[in-house]
file target_2.txt (compact mmCIF, C-alpha atoms)
# COMPACT_ATOMS: atom_id res chain seq x y z
CA MET A 1 66.64 22.62 -8.46
CA ASP A 2 63.08 23.79 -7.82
CA GLU A 3 62.20 23.28 -11.49
CA GLU A 4 63.63 19.72 -11.45
CA ARG A 5 61.68 18.90 -8.25
CA GLU A 6 58.48 20.06 -9.88
CA LEU A 7 59.14 17.97 -12.97
CA ASN A 8 59.83 14.83 -10.88
CA GLN A 9 56.56 15.15 -8.86
CA PRO A 10 53.56 13.14 -10.17
CA GLN A 11 50.91 15.08 -11.97
CA ASP A 12 47.81 16.08 -10.00
CA GLN A 13 45.32 13.27 -9.82
CA SER A 14 41.70 13.68 -10.78
CA CYS A 15 39.40 14.78 -8.00
CA TRP A 16 37.54 11.48 -8.44
CA ALA A 17 40.59 9.57 -7.16
CA THR A 18 40.47 11.36 -3.82
CA LEU A 19 36.69 11.37 -3.44
CA PRO A 20 35.72 10.22 0.09
CA ASP A 21 34.10 6.80 0.33
CA VAL A 22 30.81 8.21 1.59
CA CYS A 23 30.54 10.46 -1.49
CA LEU A 24 31.61 7.75 -3.91
CA ARG A 25 29.08 5.35 -2.39
CA ARG A 26 26.38 7.97 -2.95
CA VAL A 27 27.38 8.27 -6.61
CA PHE A 28 27.17 4.49 -7.03
CA TRP A 29 23.76 4.52 -5.32
CA TRP A 30 22.23 6.44 -8.22
CA LEU A 31 23.72 4.24 -10.96
CA GLY A 32 21.94 1.35 -12.60
CA ASP A 33 23.41 -2.15 -12.63
CA ARG A 34 25.07 -1.79 -16.03
CA ASP A 35 26.68 1.56 -15.15
CA ARG A 36 27.84 0.21 -11.80
CA SER A 37 29.53 -2.72 -13.53
CA ARG A 38 31.33 -0.38 -15.92
CA ALA A 39 32.37 1.96 -13.11
CA ALA A 40 33.82 -1.00 -11.19
CA LEU A 41 36.40 -1.46 -13.98
CA VAL A 42 37.96 1.98 -13.39
CA CYS A 43 40.23 1.06 -10.49
CA ARG A 44 40.59 -1.20 -7.46
CA LYS A 45 38.92 1.29 -5.13
CA TRP A 46 35.88 1.61 -7.35
CA ASN A 47 35.73 -2.16 -7.72
CA GLN A 48 35.65 -2.54 -3.94
CA MET A 49 32.93 0.08 -3.76
CA MET A 50 30.85 -2.03 -6.16
CA TYR A 51 30.59 -4.68 -3.42
CA SER A 52 29.58 -2.29 -0.66
CA ALA A 53 26.63 -3.83 1.19
CA ASP A 54 24.82 -0.47 1.38
CA LEU A 55 24.31 -0.47 -2.39
CA TRP A 56 22.43 -3.76 -2.51
CA ARG A 57 20.18 -3.77 0.56
CA TYR A 58 17.08 -2.64 -1.36
CA ARG A 59 15.95 -4.21 -4.60
CA THR A 60 12.87 -4.08 -6.83
CA ILE A 61 12.79 -6.73 -9.54
CA THR A 62 10.15 -6.20 -12.22
CA PHE A 63 9.07 -8.84 -14.72
CA SER A 64 6.95 -7.79 -17.67
CA GLY A 65 3.88 -9.89 -18.33
CA ARG A 66 4.02 -9.25 -22.08
CA PRO A 67 6.28 -11.02 -24.58
CA SER A 68 8.89 -8.51 -25.73
CA ARG A 69 12.48 -8.50 -26.92
CA VAL A 70 13.10 -5.42 -24.80
CA HIS A 71 12.18 -7.32 -21.64
CA ALA A 72 13.69 -10.66 -22.66
CA SER A 73 16.71 -10.29 -20.36
CA GLU A 74 14.69 -9.48 -17.20
CA PHE A 75 14.66 -13.07 -15.96
CA GLU A 76 18.39 -13.59 -16.53
CA SER A 77 19.39 -10.28 -14.93
CA ALA A 78 17.29 -11.09 -11.84
CA LEU A 79 19.18 -14.35 -11.33
CA TRP A 80 22.50 -12.61 -12.00
CA TYR A 81 21.77 -10.07 -9.31
CA VAL A 82 20.79 -12.62 -6.66
CA LYS A 83 23.82 -14.82 -7.32
CA LYS A 84 26.23 -11.89 -7.17
CA PHE A 85 24.76 -9.61 -4.49
CA GLY A 86 21.90 -11.54 -2.89
CA ARG A 87 23.80 -12.00 0.37
CA TYR A 88 23.53 -8.23 1.04
CA LEU A 89 19.79 -8.04 0.41
CA GLU A 90 17.50 -6.83 3.21
CA HIS A 91 14.42 -5.53 1.37
CA LEU A 92 13.14 -7.30 -1.75
CA GLU A 93 10.15 -6.34 -3.90
CA ILE A 94 9.09 -8.46 -6.87
CA LYS A 95 6.58 -7.34 -9.50
CA PHE A 96 5.05 -9.51 -12.22
CA LEU A 97 2.90 -7.24 -14.36
CA ASN A 98 -0.27 -8.74 -15.85
CA PRO A 99 1.04 -12.04 -17.27
CA TYR A 100 -0.17 -12.54 -20.84
CA ASN A 101 -0.08 -16.33 -21.16
CA ALA A 102 0.99 -19.59 -19.52
CA VAL A 103 4.40 -19.47 -21.22
CA LEU A 104 5.34 -16.34 -19.30
CA THR A 105 3.94 -17.59 -15.99
CA LYS A 106 5.97 -20.77 -16.44
CA LYS A 107 9.10 -18.74 -17.14
CA PHE A 108 8.41 -16.62 -14.09
CA GLN A 109 7.87 -19.71 -11.93
CA VAL A 110 11.15 -21.30 -13.06
CA THR A 111 13.05 -18.03 -12.53
CA MET A 112 11.55 -17.56 -9.05
CA ARG A 113 12.47 -21.13 -8.13
CA GLY A 114 16.11 -20.45 -8.95
CA LEU A 115 16.05 -16.98 -7.42
CA LEU A 116 14.49 -18.07 -4.12
CA SER A 117 16.70 -21.16 -3.91
CA CYS A 118 19.86 -19.10 -4.37
CA LEU A 119 18.66 -16.43 -1.98
CA GLY A 120 17.75 -19.00 0.66
CA LYS A 121 21.29 -20.40 0.59
CA SER A 122 23.25 -17.13 0.61
CA ASN A 123 21.11 -14.64 2.53
CA ASN A 124 20.47 -14.50 6.28
CA ARG A 125 19.48 -10.85 6.63
CA LEU A 126 16.28 -10.43 4.58
CA LYS A 127 13.84 -8.30 6.59
CA SER A 128 11.04 -7.54 4.13
CA LEU A 129 9.56 -9.36 1.14
CA SER A 130 6.88 -8.00 -1.18
CA ILE A 131 5.33 -9.97 -4.07
CA GLN A 132 2.16 -8.18 -5.14
CA HIS A 133 -0.72 -8.71 -7.58
CA LEU A 134 0.15 -12.22 -8.74
CA GLU A 135 -3.56 -13.09 -9.16
CA LEU A 136 -2.86 -16.80 -8.98
CA ASP A 137 -6.51 -17.69 -9.61
CA ARG A 138 -6.29 -16.53 -13.24
CA LEU A 139 -6.36 -19.09 -16.05
CA VAL A 140 -2.84 -18.17 -17.20
CA TRP A 141 -1.63 -19.88 -14.01
CA ARG A 142 -2.04 -23.55 -14.81
CA ASN A 143 -2.40 -25.85 -11.82
CA SER A 144 1.09 -27.33 -12.13
CA ILE A 145 2.71 -23.88 -12.48
CA ARG A 146 0.77 -22.47 -9.54
CA THR A 147 1.54 -25.49 -7.35
CA SER A 148 5.26 -25.31 -8.13
CA PHE A 149 5.43 -21.60 -7.37
CA ILE A 150 3.62 -22.00 -4.04
CA LYS A 151 5.97 -24.85 -3.14
CA SER A 152 9.06 -22.73 -3.89
CA LEU A 153 7.74 -19.73 -1.97
CA SER A 154 6.77 -21.84 1.05
CA PHE A 155 10.16 -23.53 1.17
CA PHE A 156 11.89 -20.15 0.99
CA LEU A 157 9.76 -18.68 3.79
CA LYS A 158 10.64 -21.64 5.99
CA LYS A 159 14.30 -20.67 5.64
CA VAL A 160 14.01 -16.89 6.12
CA GLY A 161 10.91 -16.76 8.30
CA LYS A 162 12.81 -16.45 11.58
CA HIS A 163 14.20 -13.01 10.67
CA LEU A 164 11.54 -11.77 8.20
CA ASP A 165 9.81 -8.72 9.66
CA TYR A 166 7.54 -7.63 6.78
CA LEU A 167 5.60 -9.75 4.29
CA ASN A 168 3.37 -8.29 1.57
CA LEU A 169 1.44 -10.76 -0.60
CA LYS A 170 -1.28 -8.35 -1.67
CA GLY A 171 -3.35 -9.60 -4.60
CA ALA A 172 -2.11 -13.22 -4.51
CA ARG A 173 -5.73 -14.50 -4.68
CA LEU A 174 -5.28 -17.99 -3.29
CA THR A 175 -7.58 -20.65 -1.88
CA VAL A 176 -7.80 -20.90 1.90
CA ASP A 177 -5.65 -24.06 1.94
CA GLN A 178 -2.96 -22.50 -0.26
CA GLY A 179 -2.92 -19.22 1.65
CA CYS A 180 -2.68 -20.87 5.05
CA HIS A 181 0.05 -23.20 3.82
CA ILE A 182 2.23 -20.23 2.82
CA LEU A 183 1.58 -18.30 6.03
CA SER A 184 2.34 -21.37 8.15
CA SER A 185 5.80 -21.50 6.56
CA LEU A 186 6.76 -18.38 8.54
CA SER A 187 6.43 -20.30 11.80
CA TYR A 188 8.20 -23.47 10.64
CA LEU A 189 9.76 -25.44 13.55
CA ARG A 190 8.86 -22.66 16.01
CA ASN A 191 5.03 -22.67 16.09
CA GLU A 192 5.13 -18.87 16.09
CA SER A 193 6.10 -16.01 13.81
CA LEU A 194 7.63 -12.72 14.95
CA ALA A 195 6.80 -10.80 11.76
CA SER A 196 5.51 -7.34 12.69
CA GLU A 197 3.85 -6.29 9.40
CA LEU A 198 1.58 -8.47 7.29
CA ASN A 199 -0.33 -7.36 4.18
CA LEU A 200 -3.02 -9.85 3.15
CA GLU A 201 -5.23 -7.53 1.10
CA ASP A 202 -6.89 -9.61 -1.64
CA TYR A 203 -4.64 -12.47 -0.52
CA PHE A 204 -7.54 -14.88 -0.87
CA SER A 205 -9.74 -15.23 -3.95
CA HIS A 206 -13.00 -13.30 -4.16
CA HIS A 207 -16.20 -14.90 -2.86
CA LEU A 208 -14.38 -16.92 -0.16
CA ALA A 209 -15.85 -16.76 3.36
CA VAL A 210 -12.45 -16.98 5.04
CA TYR A 211 -13.90 -15.89 8.39
CA SER A 212 -15.57 -19.33 8.79
CA SER A 213 -12.32 -21.28 8.29
CA PRO A 214 -10.84 -22.85 11.46
CA GLN A 215 -7.62 -23.37 9.48
CA PHE A 216 -7.21 -19.63 8.90
CA ASN A 217 -7.85 -18.74 12.54
CA LYS A 218 -5.38 -21.43 13.66
CA THR A 219 -2.77 -20.07 11.24
CA MET A 220 -3.22 -16.47 12.43
CA ALA A 221 -2.82 -17.60 16.05
CA MET A 222 0.86 -18.28 15.27
CA PHE A 223 1.61 -14.57 14.82
CA ARG A 224 2.82 -13.11 18.12
CA ASN A 225 4.40 -9.75 17.24
CA LEU A 226 2.08 -8.00 14.79
CA ALA A 227 2.19 -4.21 14.72
CA SER A 228 0.35 -3.75 11.41
CA LEU A 229 -2.16 -6.11 9.80
CA THR A 230 -3.88 -5.53 6.45
CA LEU A 231 -6.62 -7.88 5.25
CA ASN A 232 -10.12 -8.10 3.77
CA TYR A 233 -13.28 -7.98 5.81
CA ASN A 234 -14.13 -11.51 4.69
CA CYS A 235 -11.35 -12.61 7.07
CA ILE A 236 -12.74 -10.83 10.14
CA SER A 237 -14.38 -12.93 12.84
CA ASP A 238 -14.74 -13.00 16.61
CA GLU A 239 -12.13 -15.78 16.68
CA LEU A 240 -9.59 -13.69 14.79
CA LEU A 241 -10.11 -10.70 17.09
CA GLU A 242 -9.71 -13.00 20.10
CA ASN A 243 -6.42 -14.31 18.68
CA LEU A 244 -5.13 -10.79 18.10
CA CYS A 245 -6.13 -9.83 21.64
CA GLU A 246 -4.34 -12.79 23.20
CA ASN A 247 -1.17 -12.80 21.10
CA ASN A 248 -0.58 -9.27 19.77
CA ALA A 249 -2.28 -6.79 22.12
CA SER A 250 0.98 -5.28 23.34
CA THR A 251 2.35 -4.65 19.84
CA LEU A 252 -0.68 -4.07 17.59
CA TRP A 253 -1.01 -0.49 16.31
CA THR A 254 -2.84 -0.66 12.99
CA ILE A 255 -5.44 -2.83 11.28
CA ASN A 256 -6.32 -1.96 7.68
CA ILE A 257 -9.55 -3.57 6.47
CA LYS A 258 -10.77 -3.64 2.87
CA CYS A 259 -14.39 -4.48 2.19
CA HIS A 260 -15.25 -5.17 -1.45
CA VAL A 261 -18.76 -5.69 -2.76
CA HIS A 262 -17.80 -9.12 -4.17
CA ASP A 263 -16.31 -10.36 -0.90
CA PRO A 264 -18.66 -12.01 1.62
CA HIS A 265 -19.23 -9.40 4.33
CA GLY A 266 -22.50 -10.37 5.99
CA GLN A 267 -20.98 -12.24 8.95
CA VAL A 268 -21.87 -11.23 12.50
CA VAL A 269 -18.95 -9.77 14.45
CA TRP A 270 -19.85 -8.74 17.99
CA GLY A 271 -19.04 -5.31 19.28
CA MET A 272 -17.78 -6.85 22.54
CA SER A 273 -14.99 -8.57 20.58
CA TRP A 274 -13.83 -5.23 19.16
CA ALA A 275 -14.22 -3.58 22.58
CA LYS A 276 -12.04 -6.21 24.24
CA LEU A 277 -9.33 -5.82 21.60
CA ALA A 278 -9.46 -2.01 21.91
CA ARG A 279 -9.06 -2.24 25.70
CA GLN A 280 -6.06 -4.57 25.46
CA ALA A 281 -4.38 -2.92 22.43
CA THR A 282 -4.51 0.64 23.75
CA ASN A 283 -2.72 2.16 20.74
CA LEU A 284 -4.86 0.42 18.13
CA LYS A 285 -6.20 2.40 15.16
CA VAL A 286 -8.42 0.80 12.50
CA ASN A 287 -8.68 2.00 8.89
CA PHE A 288 -11.58 0.91 6.67
CA PHE A 289 -11.63 0.94 2.84
CA PHE A 290 -14.99 0.22 1.21
CA GLU A 291 -15.42 -0.43 -2.51
CA ARG A 292 -19.03 -0.30 -3.74
CA VAL A 293 -20.30 -1.21 -0.29
CA MET A 294 -22.32 1.95 0.18
CA LYS A 295 -25.75 1.16 1.62
CA TYR A 296 -26.38 2.23 5.19
CA GLU A 297 -27.68 -1.18 6.33
CA ARG A 298 -24.50 -2.96 5.26
CA LEU A 299 -22.15 -0.30 6.62
CA ALA A 300 -23.94 -0.20 9.99
CA ARG A 301 -23.33 -3.96 10.46
CA ILE A 302 -19.60 -3.44 9.91
CA LEU A 303 -18.81 -0.03 11.43
CA LEU A 304 -19.56 -0.82 15.07
CA GLN A 305 -19.21 1.95 17.63
CA GLU A 306 -16.72 -0.12 19.67
CA ILE A 307 -14.09 0.05 16.89
CA PRO A 308 -11.36 2.73 17.31
CA ILE A 309 -11.63 3.93 13.70
CA ARG A 310 -8.96 6.35 12.44
CA SER A 311 -9.93 6.60 8.76
CA ILE A 312 -12.76 5.62 6.44
CA SER A 313 -12.71 5.48 2.64
CA LEU A 314 -15.95 5.02 0.70
CA ARG A 315 -15.68 4.49 -3.06
CA SER A 316 -18.66 3.88 -5.31
CA CYS A 317 -16.40 3.43 -8.38
CA TYR A 318 -18.82 5.38 -10.62
CA PHE A 319 -21.61 2.97 -9.66
CA SER A 320 -24.95 4.73 -9.26
CA ASP A 321 -28.18 3.45 -7.70
CA PRO A 322 -31.17 5.83 -7.65
CA ASP A 323 -32.57 3.98 -4.60
CA TRP A 324 -29.40 4.50 -2.61
CA SER A 325 -28.90 7.51 -0.34
CA MET A 326 -25.69 8.58 1.36
CA ARG A 327 -27.42 10.89 3.83
CA PRO A 328 -28.07 8.34 6.63
CA THR A 329 -24.41 7.32 6.57
CA LEU A 330 -23.17 10.92 6.72
CA MET A 331 -25.69 12.11 9.31
CA ASP A 332 -26.20 9.09 11.59
CA LEU A 333 -23.40 6.55 11.19
CA LEU A 334 -20.09 8.38 10.65
CA PRO A 335 -20.59 10.99 13.43
CA THR A 336 -20.44 8.03 15.84
CA PHE A 337 -16.66 8.10 15.31
CA ARG A 338 -16.22 11.88 15.57
CA HIS A 339 -13.83 11.53 18.51
CA THR A 340 -11.37 9.26 16.65
CA LEU A 341 -11.75 9.98 12.91
CA GLN A 342 -8.70 11.65 11.36
CA LYS A 343 -9.07 10.86 7.66
CA LEU A 344 -12.10 10.74 5.36
CA THR A 345 -12.15 9.82 1.68
CA PHE A 346 -15.27 9.78 -0.50
CA GLU A 347 -15.60 8.94 -4.20
CA LEU A 348 -19.33 9.19 -4.85
CA ASN A 349 -21.65 9.19 -7.84
CA ASN A 350 -24.36 11.20 -6.07
CA ASN A 351 -25.94 12.86 -9.07
CA HIS A 352 -29.40 12.09 -7.64
CA GLU A 353 -28.90 13.92 -4.30
CA SER A 354 -27.07 16.93 -2.87
CA LEU A 355 -24.67 16.20 0.00
CA ASP A 356 -22.99 19.58 0.54
CA GLU A 357 -24.63 20.35 3.87
CA GLU A 358 -24.18 16.82 5.24
CA LEU A 359 -20.48 16.72 4.36
CA HIS A 360 -19.88 20.14 5.88
CA LEU A 361 -21.58 19.18 9.16
CA LEU A 362 -19.60 15.95 9.30
CA ILE A 363 -16.33 17.87 8.95
CA LEU A 364 -17.32 20.23 11.77
CA SER A 365 -18.30 17.36 14.08
CA CYS A 366 -14.97 15.49 13.69
CA ARG A 367 -12.59 17.67 15.68
CA LYS A 368 -9.53 15.47 15.00
CA LEU A 369 -10.10 15.32 11.24
CA PHE A 370 -7.00 16.56 9.41
CA TYR A 371 -7.40 14.89 5.97
CA PHE A 372 -10.49 15.27 3.77
CA LYS A 373 -10.81 14.06 0.19
CA VAL A 374 -14.04 13.99 -1.80
CA TRP A 375 -14.91 13.34 -5.44
CA ALA A 376 -18.62 14.01 -5.87
CA PHE A 377 -21.31 16.21 -7.37
CA LEU A 378 -20.98 19.33 -5.24
CA ASP A 379 -21.65 23.03 -5.42
CA VAL A 380 -18.49 25.05 -6.01
CA ARG A 381 -19.24 27.15 -2.92
CA PHE A 382 -18.85 24.02 -0.80
CA VAL A 383 -15.09 24.60 -0.88
CA GLU A 384 -15.52 28.17 0.32
CA ARG A 385 -17.60 27.00 3.27
CA ILE A 386 -14.86 24.60 4.34
CA LEU A 387 -12.17 27.27 4.08
CA LYS A 388 -14.30 29.73 6.05
CA SER A 389 -14.83 27.17 8.82
CA LEU A 390 -11.10 26.50 8.89
CA GLU A 391 -10.31 30.20 9.08
CA GLU A 392 -12.71 30.57 12.02
CA GLY A 393 -11.09 27.65 13.87
CA GLN A 394 -14.12 25.34 13.60
CA CYS A 395 -12.14 22.45 12.13
CA ALA A 396 -8.54 21.19 12.06
CA LEU A 397 -8.07 20.20 8.41
CA ARG A 398 -4.56 20.20 6.96
CA THR A 399 -5.33 18.48 3.65
CA ILE A 400 -8.27 19.31 1.38
CA LYS A 401 -8.66 17.48 -1.93
CA VAL A 402 -11.90 18.06 -3.84
CA ARG A 403 -12.97 16.99 -7.32
CA ILE A 404 -16.28 18.65 -8.15
CA TYR A 405 -18.24 16.66 -10.71
CA THR A 406 -20.43 18.53 -13.21
CA ASN A 407 -22.92 17.44 -15.86
CA ARG A 408 -21.44 19.77 -18.47
CA TYR A 409 -18.45 19.39 -20.76
CA GLU A 410 -17.33 22.94 -20.09
CA THR A 411 -16.26 23.93 -16.58
CA ASN A 412 -15.26 27.54 -17.27
CA GLU A 413 -17.75 28.97 -14.81
CA GLU A 414 -16.71 26.61 -12.02
CA ASP A 415 -13.02 27.25 -12.72
CA ARG A 416 -13.53 30.99 -12.48
CA THR A 417 -15.32 30.69 -9.13
CA LEU A 418 -12.61 28.39 -7.77
CA ARG A 419 -9.94 30.93 -8.73
CA GLU A 420 -11.86 33.63 -6.86
CA ILE A 421 -12.09 31.41 -3.78
CA PHE A 422 -8.37 30.67 -3.97
CA ARG A 423 -7.48 34.35 -4.15
CA LYS A 424 -9.76 35.13 -1.22
CA TYR A 425 -8.18 32.47 1.04
CA ARG A 426 -4.70 32.34 -0.47
CA LYS A 427 -2.96 33.40 2.72
CA LEU A 428 -4.65 30.60 4.65
CA ILE A 429 -3.98 28.04 1.93
CA ASP A 430 -0.29 28.94 1.51
CA SER A 431 0.40 28.90 5.24
CA GLU A 432 -1.40 25.77 6.40
CA LEU A 433 -2.94 23.59 3.72
CA ASN A 434 -2.19 20.82 1.29
CA TYR A 435 -4.87 22.06 -1.09
CA PHE A 436 -6.11 20.64 -4.39
CA VAL A 437 -9.52 21.51 -5.88
CA ILE A 438 -10.71 20.98 -9.45
CA ALA A 439 -13.95 20.90 -11.44
CA TYR A 440 -14.36 17.75 -13.52
CA PRO A 441 -16.95 16.97 -16.24
CA MET A 442 -18.68 13.70 -15.34
CA MET A 443 -20.42 12.72 -18.56

call {"tool": "encode", "arguments": {"input": "target_2.txt", "output": "structure tokens"}}
result
Amino acid sequence: MDEERELNQPQDQSCWATLPDVCLRRVFWWLGDRDRSRAALVCRKWNQMMYSADLWRYRTITFSGRPSRVHASEFESALWYVKKFGRYLEHLEIKFLNPYNAVLTKKFQVTMRGLLSCLGKSNNRLKSLSIQHLELDRLVWRNSIRTSFIKSLSFFLKKVGKHLDYLNLKGARLTVDQGCHILSSLSYLRNESLASELNLEDYFSHHLAVYSSPQFNKTMAMFRNLASLTLNYNCISDELLENLCENNASTLWTINIKCHVHDPHGQVVWGMSWAKLARQATNLKVNFFFERVMKYERLARILLQEIPIRSISLRSCYFSDPDWSMRPTLMDLLPTFRHTLQKLTFELNNNHESLDEELHLLILSCRKLFYFKVWAFLDVRFVERILKSLEEGQCALRTIKVRIYTNRYETNEEDRTLREIFRKYRKLIDSELNYFVIAYPMM
């Protein structure tokens, strides 16, 4: 009887059939779209798992800017995804990589029109949208294509703006009228936007003095819940700071400001405007990123002592000027912010002057500094001096990243010295530091 009972019982099922939903969902999470579709054909349970909202909340859609058979299906698969699973989407990132010609920008524009239209009809939970580096001022974007794309994007933002929390349009490079038109869509029918994070780095085309535009200041006055704002210095004005003070003081935590040499940055912004904003927005921290804006006179007009600066990045981008000196900035300007500075980044072509002593003194003066990165012509022993100061408790660094430029092809001698320094302070480095140091031939 026992043998008959055993024969009549069903055979043991595969362990996959009894896998808990949370585990099966995790397996599906790591599969690509094609593998998910195939897995959904296995059984009813797996098919139901295919439509789990958790799997489709985040999406990055990448379009290649080069004509290729390999990438020919990108546009169709993007539409397929939005039609099938767009209603679950909460975080969407779209990339269009260096469009090659007007044919591809047209195809992208038509695809985005269908994608945004479908998404606007089916989705009511989108929280973040990122479309970066479109560079709409390039010649491959013909006027009609550009105008149609802006129209589609604006119409979509009117629909989803009420629940959109994060918008990243970095590198769009628009005119002031076009840029303000898109931003105004977020406050459609409400005269205000509750988005908390806004990235407008390189949002406007180079050479535009956006700070003098009443339209831009009026548009920014509609934002009432900003916690993080990223933009170029050519957008900064007393009027903008006043708007932020009136409408976002209770929520504003971070302002990231990029200042590029080709952007207008000679406007006068009063220290009292920054001081008022800092008093009202008590948690505010400001981060500056300079590209090829290196001269002391220009930096001193921008880096006012009333600004609560958390980090500063200065990049010369291999540009060298024998009449330029970094010493006044390191010795006189940056120590002004020694009580608030936490991060410093330098990429300098200082072959004409030694800055080891000035950089070391700056590190010692900034007691809250925990991140230090420098690419410059330095003596190898500069690293040892920093580590010794850290060992003696004279600074609070937790990250040290140094690229030591040399004028020789061979760096054997520098590499040997760096290994000796590492062995000497290995216990300190292993216990406390994110440490990366290298010698690099700068020929």

call {"tool": "atom_distance", "arguments": {"input": "target_2.txt", "atom1": "CA of Lys159 in chain A", "atom2": "CA of Lys121 in chain A"}}
result
8.6 Å

call {"tool": "residues_around", "arguments": {"input": "target_2.txt", "residues": "range 107-116 of chain A", "least_positions_apart": "6", "cutoff": "6 Å", "atoms": "all atoms listed in the file", "output": "number ranges by chain"}}
result
A: 79, 149, 152

call {"tool": "atom_distance", "arguments": {"input": "target_2.txt", "atom1": "CA of Lys95 in chain A", "atom2": "CA of Thr60 in chain A"}}
result
7.6 Å

call {"tool": "atom_distance", "arguments": {"input": "target_2.txt", "atom1": "CA of Tyr425 in chain A", "atom2": "CA of Glu392 in chain A"}}
result
12.0 Å

call {"tool": "axis_aligned_box", "arguments": {"input": "target_2.txt", "around": "range 235-250 of chain A", "padding_each_side": "8 Å", "output": "JSON"}}
result
{"center_x": -6.9, "center_y": -10.5, "center_z": 15.2, "size_x": 31.7, "size_y": 26.5, "size_z": 32.3}

call {"tool": "closest_residue", "arguments": {"input": "target_2.txt", "among": "A:Gln394, A:Asn247, A:Ser73, A:Asn350", "to": "Cys366 in chain A", "atoms": "all atoms listed in the file"}}
result
A:Gln394

call {"tool": "residues_around", "arguments": {"input": "target_2.txt", "residues": "range 248-256 of chain A", "least_positions_apart": "3", "cutoff": "6 Å", "atoms": "only C-alpha atoms", "output": "JSON, numbers by chain"}}
result
{"A": [224, 225, 226, 227, 228, 229, 230, 244, 245, 280, 281, 283, 284, 285, 286, 287]}

call {"tool": "closest_residue", "arguments": {"input": "target_2.txt", "among": "A:Arg57, A:Lys158, A:Lys218, A:His265", "to": "Leu126 in chain A", "atoms": "only C-alpha atoms"}}
result
A:Arg57

call {"tool": "residues_near_point", "arguments": {"input": "target_2.txt", "point": "(-21.8, 16.4, -5.4)", "cutoff": "7 Å", "atoms": "all atoms listed in the file", "output": "ChimeraX atom specification"}}
result
/A:350-351,354-356,376-379,404-405

call {"tool": "residues_around", "arguments": {"input": "target_2.txt", "residues": "range 181-186 of chain A", "least_positions_apart": "5", "cutoff": "8 Å", "atoms": "all atoms listed in the file", "output": "list in words"}}
result
Ile150, Leu153, Ser154, Phe155, Leu157, Lys158, Val160, Gly161, Lys162, Glu192, Ser193, Thr219 and Met222 of chain A

call {"tool": "write_last_selection", "arguments": {"input": "target_2.txt", "atoms": "C-alpha atoms", "output": "PDB file, in the coordinates of the input"}}
result
ATOM      1  CA  ILE A 150       3.620 -22.000  -4.040  1.00  0.00           C
ATOM      2  CA  LEU A 153       7.740 -19.730  -1.970  1.00  0.00           C
ATOM      3  CA  SER A 154       6.770 -21.840   1.050  1.00  0.00           C
ATOM      4  CA  PHE A 155      10.160 -23.530   1.170  1.00  0.00           C
ATOM      5  CA  LEU A 157       9.760 -18.680   3.790  1.00  0.00           C
ATOM      6  CA  LYS A 158      10.640 -21.640   5.990  1.00  0.00           C
ATOM      7  CA  VAL A 160      14.010 -16.890   6.120  1.00  0.00           C
ATOM      8  CA  GLY A 161      10.910 -16.760   8.300  1.00  0.00           C
ATOM      9  CA  LYS A 162      12.810 -16.450  11.580  1.00  0.00           C
ATOM     10  CA  GLU A 192       5.130 -18.870  16.090  1.00  0.00           C
ATOM     11  CA  SER A 193       6.100 -16.010  13.810  1.00  0.00           C
ATOM     12  CA  THR A 219      -2.770 -20.070  11.240  1.00  0.00           C
ATOM     13  CA  MET A 222       0.860 -18.280  15.270  1.00  0.00           C
TER      14      MET A 222
END

call {"tool": "closest_residue", "arguments": {"input": "target_2.txt", "among": "A:Val293, A:Cys317, A:Val103, A:Ala78", "to": "Tyr233 in chain A", "atoms": "all atoms listed in the file"}}
result
A:Val293

call {"tool": "residues_around", "arguments": {"input": "target_2.txt", "residues": "Trp141 in chain A", "least_positions_apart": "3", "cutoff": "9 Å", "atoms": "all atoms listed in the file", "output": "number ranges by chain"}}
result
A: 99, 101-102, 105-106, 135-138, 144-146
